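The next block is work_25.cif, given as mmCIF, C-alpha atoms.
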data_input
#
loop_
_atom_site.label_atom_id
_atom_site.label_comp_id
_atom_site.auth_asym_id
_atom_site.auth_seq_id
_atom_site.Cartn_x
_atom_site.Cartn_y
_atom_site.Cartn_z
CA MET A 208 0.00 0.00 0.00
CA ARG A 209 1.45 3.36 -1.01
CA ILE A 210 2.08 5.78 1.82
CA LYS A 211 0.45 9.12 1.03
CA SER A 212 2.71 12.12 0.92
CA GLN A 213 2.57 14.87 3.48
CA LYS A 214 1.19 17.20 0.83
CA GLU A 215 -1.68 14.86 0.00
CA GLN A 216 -2.46 14.41 3.67
CA LEU A 217 -2.65 18.16 4.23
CA LEU A 218 -4.90 18.69 1.23
CA LYS A 219 -7.21 15.91 2.37
CA LYS A 220 -7.30 17.37 5.89
CA GLU A 221 -8.35 20.75 4.51
CA ILE A 222 -11.07 19.15 2.36
CA LYS A 223 -12.31 17.24 5.42
CA GLY A 224 -12.25 20.43 7.49
CA GLY A 225 -14.42 22.19 4.93
CA TYR A 226 -16.74 19.21 4.73
CA ASN A 227 -17.12 19.18 8.51
CA PHE A 228 -18.00 22.88 8.48
CA PHE A 229 -20.89 22.32 6.09
CA ILE A 230 -22.11 19.23 7.92
CA LYS A 231 -21.84 20.51 11.50
CA GLU A 232 -22.85 24.15 10.96
CA ALA A 233 -26.10 23.11 9.27
CA ASN A 234 -29.63 23.01 10.64
CA THR A 235 -30.42 19.30 10.87
CA ASN A 236 -33.75 19.65 12.67
CA LYS A 237 -36.21 18.09 10.23
CA ALA A 238 -39.11 19.84 11.96
CA SER A 239 -37.56 23.26 11.36
CA LYS A 240 -38.48 25.49 8.43
CA GLY A 241 -34.75 26.09 8.05
CA TYR A 242 -33.70 22.47 7.62
CA GLY A 243 -30.51 22.26 5.59
CA LEU A 244 -29.56 25.91 5.98
CA ILE A 245 -25.88 26.46 6.76
CA ARG A 246 -24.32 29.22 8.80
CA ASP A 247 -22.48 32.04 7.15
CA LYS A 248 -19.80 31.96 9.87
CA SER A 249 -18.83 29.41 12.51
CA LYS A 250 -18.54 31.88 15.42
CA LEU A 251 -20.33 35.17 14.90
CA SER A 252 -24.10 35.57 14.30
CA PRO A 253 -24.98 31.92 14.88
CA GLN A 254 -28.58 32.45 13.76
CA ILE A 255 -27.57 33.66 10.29
CA ALA A 256 -27.32 31.38 7.28
CA SER A 257 -26.13 32.37 3.81
CA ILE A 258 -27.54 30.85 0.66
CA ALA A 259 -24.04 30.68 -0.84
CA SER A 260 -22.96 28.51 2.10
CA VAL A 261 -25.80 26.13 1.25
CA GLY A 262 -24.59 25.91 -2.36
CA TYR A 263 -21.14 24.90 -1.17
CA GLY A 264 -22.75 22.58 1.39
CA LEU A 265 -24.48 20.64 -1.37
CA ALA A 266 -21.05 20.17 -2.97
CA ALA A 267 -19.76 18.94 0.41
CA LEU A 268 -22.36 16.16 0.38
CA VAL A 269 -21.11 14.96 -3.01
CA ILE A 270 -17.52 15.04 -1.79
CA GLY A 271 -18.49 13.29 1.44
CA VAL A 272 -20.11 10.38 -0.36
CA GLU A 273 -17.16 9.92 -2.70
CA ARG A 274 -14.70 10.02 0.20
CA LYS A 275 -16.91 7.72 2.30
CA TRP A 276 -17.45 10.28 5.07
CA ILE A 277 -21.23 9.96 4.75
CA THR A 278 -23.44 7.30 3.24
CA TYR A 279 -25.13 7.88 -0.08
CA GLN A 280 -28.54 7.48 1.56
CA GLU A 281 -27.80 10.03 4.32
CA ALA A 282 -26.44 12.57 1.85
CA TYR A 283 -29.37 12.01 -0.52
CA LYS A 284 -31.90 12.70 2.23
CA ARG A 285 -30.09 15.81 3.39
CA ALA A 286 -29.78 17.19 -0.14
CA SER A 287 -33.41 16.47 -0.92
CA GLY A 288 -34.63 18.07 2.31
CA THR A 289 -32.44 21.12 1.75
CA LEU A 290 -33.93 21.69 -1.70
CA ASP A 291 -37.42 21.30 -0.22
CA THR A 292 -36.59 24.13 2.18
CA PHE A 293 -35.69 26.36 -0.76
CA LEU A 294 -38.73 25.32 -2.75
CA HIS A 295 -41.28 25.76 0.01
CA ASN A 296 -40.00 27.78 2.97
CA LEU A 297 -37.67 30.55 1.78
CA GLU A 298 -38.90 33.94 0.66
CA THR A 299 -38.21 34.52 -3.02
CA VAL A 300 -38.47 37.42 -5.43
CA ASN A 301 -38.84 36.23 -9.03
CA GLY A 302 -36.99 33.05 -8.12
CA PHE A 303 -34.06 34.85 -6.44
CA PHE A 304 -33.26 34.43 -2.76
CA TYR A 305 -32.21 36.82 -0.03
CA HIS A 306 -28.51 36.71 0.78
CA PHE A 307 -28.83 36.11 4.55
CA ILE A 308 -31.64 34.17 6.19
CA ASN A 309 -32.56 32.99 9.67
CA MET A 310 -31.38 29.47 10.43
CA GLU A 311 -34.68 28.51 12.09
CA THR A 312 -37.41 30.58 10.46
CA ALA A 313 -35.92 30.75 6.93
CA LYS A 314 -36.85 34.44 6.86
CA ARG A 315 -34.78 37.37 5.62
CA GLU A 316 -32.23 38.84 8.04
CA TRP A 317 -30.46 42.23 8.32
CA ASN A 318 -32.68 43.78 5.62
CA CYS A 319 -30.23 42.18 3.23
CA GLU A 320 -30.43 42.26 -0.54
CA VAL A 321 -31.99 39.80 -2.93
CA SER A 322 -28.70 38.48 -4.27
CA ILE A 323 -28.22 37.43 -7.87
CA ILE A 324 -24.68 36.11 -7.34
CA ASP A 325 -25.44 34.20 -4.14
CA THR A 326 -28.56 32.76 -5.73
CA ALA A 327 -26.35 31.61 -8.62
CA ILE A 328 -23.87 29.94 -6.26
CA PHE A 329 -26.75 28.11 -4.58
CA ILE A 330 -28.19 27.09 -7.96
CA CYS A 331 -24.77 25.77 -9.01
CA GLY A 332 -24.69 23.62 -5.88
CA ALA A 333 -28.20 22.40 -6.59
CA ILE A 334 -27.34 21.55 -10.20
CA LEU A 335 -24.28 19.63 -9.02
CA ALA A 336 -26.35 17.67 -6.49
CA GLY A 337 -28.91 16.92 -9.18
CA GLU A 338 -26.32 15.54 -11.55
CA TYR A 339 -24.74 13.43 -8.82
CA PHE A 340 -27.79 12.06 -7.01
CA GLN A 341 -30.24 12.14 -9.93
CA GLY A 342 -33.92 11.25 -9.22
CA GLU A 343 -36.06 13.69 -7.26
CA ILE A 344 -33.02 15.79 -6.37
CA LYS A 345 -32.40 16.53 -10.03
CA GLU A 346 -36.07 17.35 -10.51
CA LYS A 347 -36.06 19.76 -7.56
CA ALA A 348 -32.80 21.39 -8.63
CA GLU A 349 -34.16 21.92 -12.13
CA GLN A 350 -37.35 23.46 -10.76
CA LEU A 351 -35.36 25.92 -8.64
CA TYR A 352 -33.29 26.84 -11.69
CA LYS A 353 -36.37 27.30 -13.85
CA ASN A 354 -37.94 29.57 -11.24
CA VAL A 355 -35.19 32.20 -11.60
CA ASN A 356 -36.33 35.11 -13.78
CA TRP A 357 -32.95 36.36 -14.96
CA ASN A 358 -34.50 39.04 -17.17
CA TRP A 359 -36.09 40.73 -14.17
CA TYR A 360 -32.61 41.35 -12.75
CA ARG A 361 -31.33 42.84 -16.02
CA ASP A 362 -31.08 46.57 -16.71
CA GLU A 363 -32.32 46.81 -20.29
CA GLN A 364 -30.79 50.24 -20.86
CA VAL A 365 -27.21 49.01 -20.48
CA ASN A 366 -27.85 45.29 -21.00
CA GLN A 367 -26.13 44.36 -17.74
CA PHE A 368 -27.30 42.60 -14.62
CA TYR A 369 -27.91 44.80 -11.64
CA MET A 370 -25.67 44.02 -8.69
CA GLY A 371 -28.29 44.16 -5.95
CA TYR A 372 -31.98 44.58 -5.18
CA SER A 373 -33.95 45.25 -2.03
CA PRO A 374 -37.68 45.94 -1.67
CA GLU A 375 -36.87 49.13 0.21
CA GLU A 376 -34.40 50.64 -2.26
CA GLY A 377 -34.99 48.85 -5.54
CA PHE A 378 -32.10 47.93 -7.83
CA SER A 379 -28.55 49.16 -7.30
CA GLY A 380 -25.21 48.92 -9.08
CA HIS A 381 -24.33 46.82 -12.09
CA TRP A 382 -22.14 43.88 -12.97
CA ASP A 383 -20.45 46.26 -15.36
CA MET A 384 -16.95 44.75 -15.43
CA TYR A 385 -15.37 41.37 -15.03
CA ALA A 386 -15.57 39.72 -11.61
CA GLU A 387 -16.83 36.41 -10.29
CA GLN A 388 -20.05 36.52 -12.33
CA LEU A 389 -19.28 34.32 -15.35
CA MET A 390 -21.66 31.72 -13.93
CA LEU A 391 -24.50 34.25 -14.29
CA TYR A 392 -24.17 34.32 -18.07
CA VAL A 393 -23.89 30.56 -18.47
CA LEU A 394 -26.98 29.96 -16.32
CA SER A 395 -29.08 32.82 -17.67
CA VAL A 396 -28.65 32.35 -21.41
CA ALA A 397 -29.46 28.64 -21.10
CA SER A 398 -32.56 29.04 -18.94
CA PRO A 399 -35.49 27.09 -20.43
CA THR A 400 -37.96 29.56 -18.87
CA TYR A 401 -36.36 33.03 -18.64
CA SER A 402 -33.39 33.00 -21.00
CA VAL A 403 -31.37 36.19 -21.50
CA ASP A 404 -29.94 37.23 -24.84
CA VAL A 405 -26.30 36.22 -25.28
CA SER A 406 -25.35 39.85 -25.92
CA ILE A 407 -25.30 40.40 -22.16
CA TYR A 408 -22.00 38.52 -22.10
CA GLN A 409 -20.47 40.98 -24.55
CA ASP A 410 -21.80 44.06 -22.76
CA PHE A 411 -19.74 44.00 -19.60
CA LYS A 412 -16.28 45.56 -19.56
CA LYS A 413 -13.24 43.33 -19.79
CA PRO A 414 -10.30 45.67 -19.10
CA VAL A 415 -6.90 44.27 -20.00
CA THR A 416 -3.49 45.27 -18.69
CA ASN A 417 -0.08 43.88 -17.80
CA TYR A 418 1.47 43.40 -14.39
CA GLU A 419 5.25 43.47 -14.76
CA ASP A 420 6.10 40.50 -17.01
CA ILE A 421 2.59 38.98 -16.82
CA LYS A 422 0.81 40.09 -19.96
CA ASN A 423 -2.80 40.69 -20.95
CA ILE A 424 -4.71 40.10 -17.72
CA VAL A 425 -8.45 40.75 -17.80
CA TYR A 426 -8.59 42.23 -14.33
CA THR A 427 -11.26 42.88 -11.70
CA TYR A 428 -12.06 45.98 -9.66
CA CYS A 429 -10.13 45.08 -6.50
CA GLY A 430 -7.93 42.32 -7.87
CA THR A 431 -9.23 40.12 -5.08
CA LEU A 432 -8.68 36.43 -5.81
CA PHE A 433 -12.19 35.15 -5.20
CA THR A 434 -13.31 37.07 -8.29
CA TYR A 435 -11.06 34.82 -10.38
CA GLN A 436 -12.15 31.65 -8.56
CA TYR A 437 -15.87 31.36 -7.89
CA SER A 438 -17.23 30.57 -11.34
CA HIS A 439 -14.29 28.22 -11.94
CA ALA A 440 -15.23 26.14 -8.92
CA TRP A 441 -18.19 24.78 -10.87
CA ILE A 442 -17.45 25.40 -14.56
CA ASP A 443 -14.42 23.75 -16.10
CA PHE A 444 -12.99 26.50 -18.29
CA ARG A 445 -9.80 24.59 -19.07
CA ASN A 446 -8.77 24.51 -22.73
CA LYS A 447 -11.61 26.83 -23.73
CA LYS A 448 -11.77 30.26 -25.34
CA ASP A 449 -14.60 32.59 -26.19
CA ALA A 450 -15.19 34.25 -29.55
CA ASN A 451 -12.92 37.14 -28.51
CA GLY A 452 -10.05 34.76 -27.79
CA ILE A 453 -10.32 35.03 -23.99
CA ASP A 454 -9.18 31.93 -22.11
CA TRP A 455 -10.76 32.50 -18.70
CA PHE A 456 -8.84 29.68 -17.03
CA GLU A 457 -5.49 30.97 -18.24
CA ASN A 458 -6.58 34.44 -17.18
CA SER A 459 -7.06 33.20 -13.62
CA VAL A 460 -3.61 31.62 -13.73
CA LYS A 461 -2.14 34.99 -14.68
CA ALA A 462 -4.15 36.87 -12.04
CA THR A 463 -3.06 34.42 -9.34
CA LEU A 464 0.60 34.80 -10.30
CA ALA A 465 0.18 38.58 -10.29
CA ASN A 466 -1.44 38.45 -6.85
CA ARG A 467 1.50 36.49 -5.47
CA LYS A 468 4.03 38.78 -7.14
CA TYR A 469 2.25 41.82 -5.69
CA CYS A 470 2.40 40.30 -2.19
CA MET A 471 6.09 39.57 -2.59
CA LYS A 472 6.78 43.16 -3.66
CA LYS A 473 4.77 44.48 -0.73
CA SER A 474 6.56 42.19 1.73
CA LYS A 475 8.96 43.59 4.30
CA GLN A 476 11.39 40.92 3.17
CA CYS A 477 11.47 42.49 -0.28
CA SER A 478 14.31 44.87 -1.07
CA CYS A 479 13.01 45.65 -4.56
CA GLU A 480 14.62 48.81 -5.87
CA ASN A 481 11.49 49.92 -7.69
CA ILE A 482 9.42 50.04 -4.50
CA GLN A 483 9.67 53.47 -2.94
CA SER A 484 10.58 53.47 0.74
CA LYS A 485 7.47 55.46 1.65
CA GLU A 486 5.19 52.71 0.34
CA LYS A 487 3.82 50.53 3.11
CA LYS A 488 5.06 46.97 3.34
CA PHE A 489 3.68 44.10 5.39
CA LYS A 490 5.25 41.40 7.53
CA THR A 491 2.46 38.97 6.73
CA TYR A 492 3.09 39.01 2.98
CA GLY A 493 5.76 36.89 1.34
CA GLU A 494 6.57 34.29 -1.29
CA ASN A 495 4.60 31.67 0.65
CA SER A 496 2.07 34.01 2.27
CA TRP A 497 -0.02 35.45 -0.52
CA GLY A 498 -3.48 35.33 -2.01
CA LEU A 499 -5.26 38.58 -1.21
CA THR A 500 -8.97 37.84 -1.22
CA ALA A 501 -12.19 38.66 0.60
CA CYS A 502 -12.08 37.50 4.21
CA VAL A 503 -12.42 38.61 7.81
CA GLY A 504 -9.64 40.85 9.13
CA PRO A 505 -8.83 42.51 12.46
CA LYS A 506 -11.39 45.23 11.63
CA GLY A 507 -14.08 42.86 10.36
CA TYR A 508 -15.02 41.35 7.04
CA SER A 509 -13.77 43.03 3.87
CA GLY A 510 -14.23 42.23 0.21
CA GLU A 511 -11.53 44.69 -0.79
CA PHE A 512 -8.30 42.95 0.15
CA GLY A 513 -6.73 42.74 -3.29
CA ALA A 514 -3.72 43.04 -5.53
CA MET A 515 -2.69 44.69 -8.75
CA PRO A 516 -3.78 44.79 -11.46
CA ALA A 517 -6.95 46.48 -10.20
CA LYS A 518 -9.08 49.54 -10.76
CA SER A 519 -9.17 50.18 -7.02
CA GLU A 520 -6.32 51.98 -5.24
CA LEU A 521 -6.20 49.08 -2.75
CA LYS A 522 -6.17 51.32 0.29
CA GLY A 523 -7.93 48.68 2.36
CA ASN A 524 -4.97 46.28 2.46
CA ASP A 525 -3.66 45.97 6.02
CA GLY A 526 -1.57 42.80 5.97
CA THR A 527 -4.45 40.33 6.24
CA ILE A 528 -4.00 37.06 4.36
CA SER A 529 -6.55 34.24 4.03
CA PRO A 530 -5.47 30.66 3.29
CA SER A 531 -8.48 30.48 0.97
CA GLY A 532 -6.63 32.78 -1.44
CA ALA A 533 -3.98 30.20 -2.23
CA ALA A 534 -6.23 27.18 -1.64
CA GLY A 535 -8.94 28.50 -3.95
CA SER A 536 -6.33 28.97 -6.68
CA ILE A 537 -4.77 25.53 -6.40
CA VAL A 538 -6.08 24.49 -9.82
CA PHE A 539 -4.34 27.52 -11.35
CA THR A 540 -1.02 27.40 -9.46
CA PRO A 541 -0.80 23.96 -7.82
CA LYS A 542 2.85 24.00 -6.76
CA LEU A 543 2.79 27.53 -5.37
CA SER A 544 -0.57 27.04 -3.65
CA ILE A 545 0.56 23.85 -1.93
CA GLN A 546 3.76 25.53 -0.78
CA ALA A 547 1.67 28.31 0.77
CA LEU A 548 -0.67 25.88 2.54
CA GLU A 549 2.29 23.96 3.93
CA TYR A 550 3.82 27.22 5.13
CA TYR A 551 0.63 28.22 6.97
CA TYR A 552 0.23 24.76 8.49
CA ASN A 553 3.84 24.35 9.61
CA HIS A 554 4.48 27.88 10.90
CA PHE A 555 1.17 29.13 12.31
CA PRO A 556 -0.57 26.52 14.50
CA LYS A 557 -3.08 29.15 15.68
CA LEU A 558 -4.34 29.36 12.12
CA TRP A 559 -5.56 25.75 12.26
CA GLY A 560 -8.79 24.65 13.93
CA LYS A 561 -11.52 22.03 13.91
CA TYR A 562 -12.55 22.99 10.37
CA GLY A 563 -9.04 23.13 8.96
CA PHE A 564 -7.60 26.56 8.24
CA LYS A 565 -9.33 29.44 9.99
CA ASP A 566 -10.31 32.37 7.86
CA ALA A 567 -7.24 34.63 8.01
CA TYR A 568 -4.26 35.95 9.90
CA ASN A 569 -2.32 39.20 10.19
CA LEU A 570 1.16 39.76 11.64
CA ASP A 571 1.13 43.51 11.07
CA TYR A 572 -0.63 44.56 14.26
CA GLU A 573 0.95 45.03 17.69
CA LYS A 574 0.09 41.42 18.43
CA PRO A 575 -0.27 38.79 15.70
CA TRP A 576 -3.95 38.41 14.91
CA TYR A 577 -5.70 35.17 14.00
CA ALA A 578 -9.34 34.82 13.01
CA GLU A 579 -11.41 32.80 15.43
CA GLU A 580 -14.03 31.87 12.87
CA CYS A 581 -14.41 30.16 9.54
CA ILE A 582 -16.59 31.65 6.80
CA GLY A 583 -18.66 29.38 4.60
CA ILE A 584 -17.74 30.88 1.25
CA ASP A 585 -14.02 30.71 2.07
CA LYS A 586 -14.20 27.12 3.32
CA GLY A 587 -16.32 26.28 0.29
CA ILE A 588 -13.99 27.62 -2.37
CA SER A 589 -11.01 25.97 -0.67
CA MET A 590 -12.77 22.60 -0.37
CA ILE A 591 -14.09 22.52 -3.94
CA MET A 592 -10.93 23.72 -5.63
CA ILE A 593 -8.71 21.27 -3.75
CA GLU A 594 -11.13 18.48 -4.66
CA ASN A 595 -11.09 19.58 -8.30
CA TYR A 596 -7.29 19.61 -8.21
CA MET A 597 -7.08 16.13 -6.71
CA THR A 598 -9.92 14.34 -8.52
CA GLY A 599 -11.87 16.74 -10.77
CA LEU A 600 -15.03 15.55 -8.98
CA ILE A 601 -17.06 18.77 -8.98
CA TRP A 602 -16.15 19.67 -12.55
CA ASN A 603 -16.91 16.18 -13.80
CA TYR A 604 -20.50 16.14 -12.54
CA PHE A 605 -21.38 19.80 -13.00
CA MET A 606 -20.25 19.79 -16.61
CA LYS A 607 -22.64 16.92 -17.39
CA ASN A 608 -25.63 19.22 -16.96
CA GLU A 609 -27.45 19.92 -20.23
CA TYR A 610 -28.07 23.58 -19.40
CA VAL A 611 -24.45 24.23 -18.44
CA LYS A 612 -23.31 22.74 -21.74
CA LYS A 613 -25.96 24.71 -23.61
CA GLY A 614 -24.96 27.95 -21.88
CA LEU A 615 -21.31 27.60 -22.81
CA GLU A 616 -22.22 26.76 -26.39
CA LYS A 617 -24.56 29.75 -26.69
CA LEU A 618 -21.84 32.04 -25.33
CA ASN A 619 -19.41 30.46 -27.80
CA ILE A 620 -17.05 29.43 -25.00
CA VAL A 621 -15.87 26.19 -26.53
CA GLU A 622 -12.88 23.90 -26.53
CA ILE A 623 -9.93 25.42 -28.32
CA ASN A 624 -9.44 22.39 -30.56
CA LYS A 625 -13.13 22.36 -31.38
CA ARG A 626 -13.04 26.00 -32.44
CA GLU A 627 -10.03 25.33 -34.64
CA LEU A 628 -11.97 22.56 -36.34
CA MET A 629 -14.96 24.85 -36.78
CA VAL A 630 -12.76 27.50 -38.41
#
Show this structure as structure tokens.
Amino acid sequence: MRIKSQKEQLLKKEIKGGYNFFIKEANTNKASKGYGLIRDKSKLSPQIASIASVGYGLAALVIGVERKWITYQEAYKRASGTLDTFLHNLETVNGFFYHFINMETAKREWNCEVSIIDTAIFICGAILAGEYFQGEIKEKAEQLYKNVNWNWYRDEQVNQFYMGYSPEEGFSGHWDMYAEQLMLYVLSVASPTYSVDVSIYQDFKKPVTNYEDIKNIVYTYCGTLFTYQYSHAWIDFRNKKDANGIDWFENSVKATLANRKYCMKKSKQCSCENIQSKEKKFKTYGENSWGLTACVGPKGYSGEFGAMPAKSELKGNDGTISPSGAAGSIVFTPKLSIQALEYYYNHFPKLWGKYGFKDAYNLDYEKPWYAEECIGIDKGISMIMIENYMTGLIWNYFMKNEYVKKGLEKLNIVEINKRELMV
């Protein structure tokens, strides 16, 4: 019997930690209206679930069955009951769900928005579960998908999705430039009930720039890594290009390398001549401590920890690093991501807890700071991407879905070799 390497053991431990988060931080009371809902965070606001966490939790059930951490029958029942909760108990607006909901009552919390992106993450998890478990789970997942009226969330004047909606304030913002929203276009154009014209994919900005020797990066507003990861967790963009020649997978490789290079330049260990002495540097950053992404920091949660290239001036960076930055990019930069995870594990024992890596750490305060909690979306992206790196499990099942395949075809995001044949 082959002895598994230390690297493999660490990766499996982090997958198991994420799995445990989604299993143990879930509402398992079958008499509750919130059955199957999963907490947004492990420590703070214990009554608050996030619908994105549930999407990742459905993926955890698939992983758990394959790794023999839960029986097929147990996972099937939990997935089916969770989808029932979304079909019958949650408040919806044109098929979309509120971002944060009460764990017990399944009602809206914090006057939060009706979230298009978090609804999409949940729908992706449901589609995955449907492809894996089949039967009534696939039927329920398809019904939830068909209920989403994507056109209602579209601003016809600019042909872009709005970013948020609340009953009190109406629509706000736009998905006007590249970020984590590629999944929106794949799901919306393929909808059998409320399909959106494919032109919406062309009508968001895709700014391109270089970062040092890394050329032609389609970059996001804050350069935060989750924006290059989330759609890739479900959709296998490898060896594909769109009609404009954009390879979204390769773009995420470039953005991840740029993120690491930015962290190295901003590290106190760096003596780079082209960094002016007045520019702030951070002890936390380094060649094995990188991956600026949304996470909790000493001052609370922030979605603006990011790296160049970016449109933002990145004034929010304070030295906070989340292991989910490197872990969520493991499919893009496997060697560098694994080196980072080993560095965190071997040098910072306070960063490890019952669910694997905690959310973040920061050495740039008077006392080193370590997050006490785990956040569902960060555990989810780490768990799924490591599983995809090791086995391709999530990609393999998600990509079987007829609507996912149809969406990619309609957007003309096809295999490179296939396009060459078509030409």
Residues within 7 Å of A:Gly337, please, as a PyMOL selection string. Count all atoms listed in the file; anything in the same chain fewer than 6 positions from it doesn't count.
chain A and resi 344-345+348
Please measure the separation of atom CA of A:Thr400 and atom CA of A:Asn301, giving the value in Å to one decimal.
11.9 Å
Residue members of the PyMOL selection byres ((chain A and resi 453) around 12) in the file shown, as number ranges by chain:
A: 409, 413-415, 423-425, 444-452, 454-459, 618-623
Assuming the chain letters and numbering stay as they are in my file, what does the PyMOL selection byres ((chain A and resi 321-323) around 9) actually select? List them as number ranges by chain.
A: 299-300, 303-307, 319-320, 324-328, 357, 360, 368-374, 391
Where does the PyMOL selection byres ((chain A and resi 257) around 6) land in this file, that is, which residues does it pick, as a ChimeraX atom specification?
/A:247,256,258-260,306-307
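The closest residue to A:Lys422, picked from A:Ile591, A:Pro516, A:Gly271, A:Gly493 and counting only C-alpha atoms, is A:Pro516.
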Restricting to all atoms listed in the file, whichever of A:Gly225, A:Met390, A:Lys314, A:Ser398 is closest to A:Lys613 is A:Ser398
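Atom CA of A:Gly510 sits 15.0 Å away from atom CA of A:Gln388.
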Might you pull out every residue within 12 Å of A:Tyr552, with all atoms listed in the file counted and same-chain residues fewer than 4 positions away left off, and present them as a PyMOL selection string?
chain A and resi 213-214+216-218+220-221+495-496+530+545-548+556-560+563-565
Given the point (-2.9, 48.3, 1.8) in the coordinates of this file, which residues lie within 9 Å, counting only C-alpha atoms, and how would they look as number ranges by chain?
A: 473, 487-489, 512-513, 520-526
Would you save the residues from that selection as an mmCIF file, in the coordinates of the input, using C-alpha atoms?
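Below you can see again_38.cif, which holds the result:
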data_model
loop_
_atom_site.group_PDB
_atom_site.id
_atom_site.type_symbol
_atom_site.label_atom_id
_atom_site.label_comp_id
_atom_site.auth_asym_id
_atom_site.auth_seq_id
_atom_site.Cartn_x
_atom_site.Cartn_y
_atom_site.Cartn_z
ATOM 1 C CA LYS A 473 4.770 44.480 -0.730
ATOM 2 C CA LYS A 487 3.820 50.530 3.110
ATOM 3 C CA LYS A 488 5.060 46.970 3.340
ATOM 4 C CA PHE A 489 3.680 44.100 5.390
ATOM 5 C CA PHE A 512 -8.300 42.950 0.150
ATOM 6 C CA GLY A 513 -6.730 42.740 -3.290
ATOM 7 C CA GLU A 520 -6.320 51.980 -5.240
ATOM 8 C CA LEU A 521 -6.200 49.080 -2.750
ATOM 9 C CA LYS A 522 -6.170 51.320 0.290
ATOM 10 C CA GLY A 523 -7.930 48.680 2.360
ATOM 11 C CA ASN A 524 -4.970 46.280 2.460
ATOM 12 C CA ASP A 525 -3.660 45.970 6.020
ATOM 13 C CA GLY A 526 -1.570 42.800 5.970
#
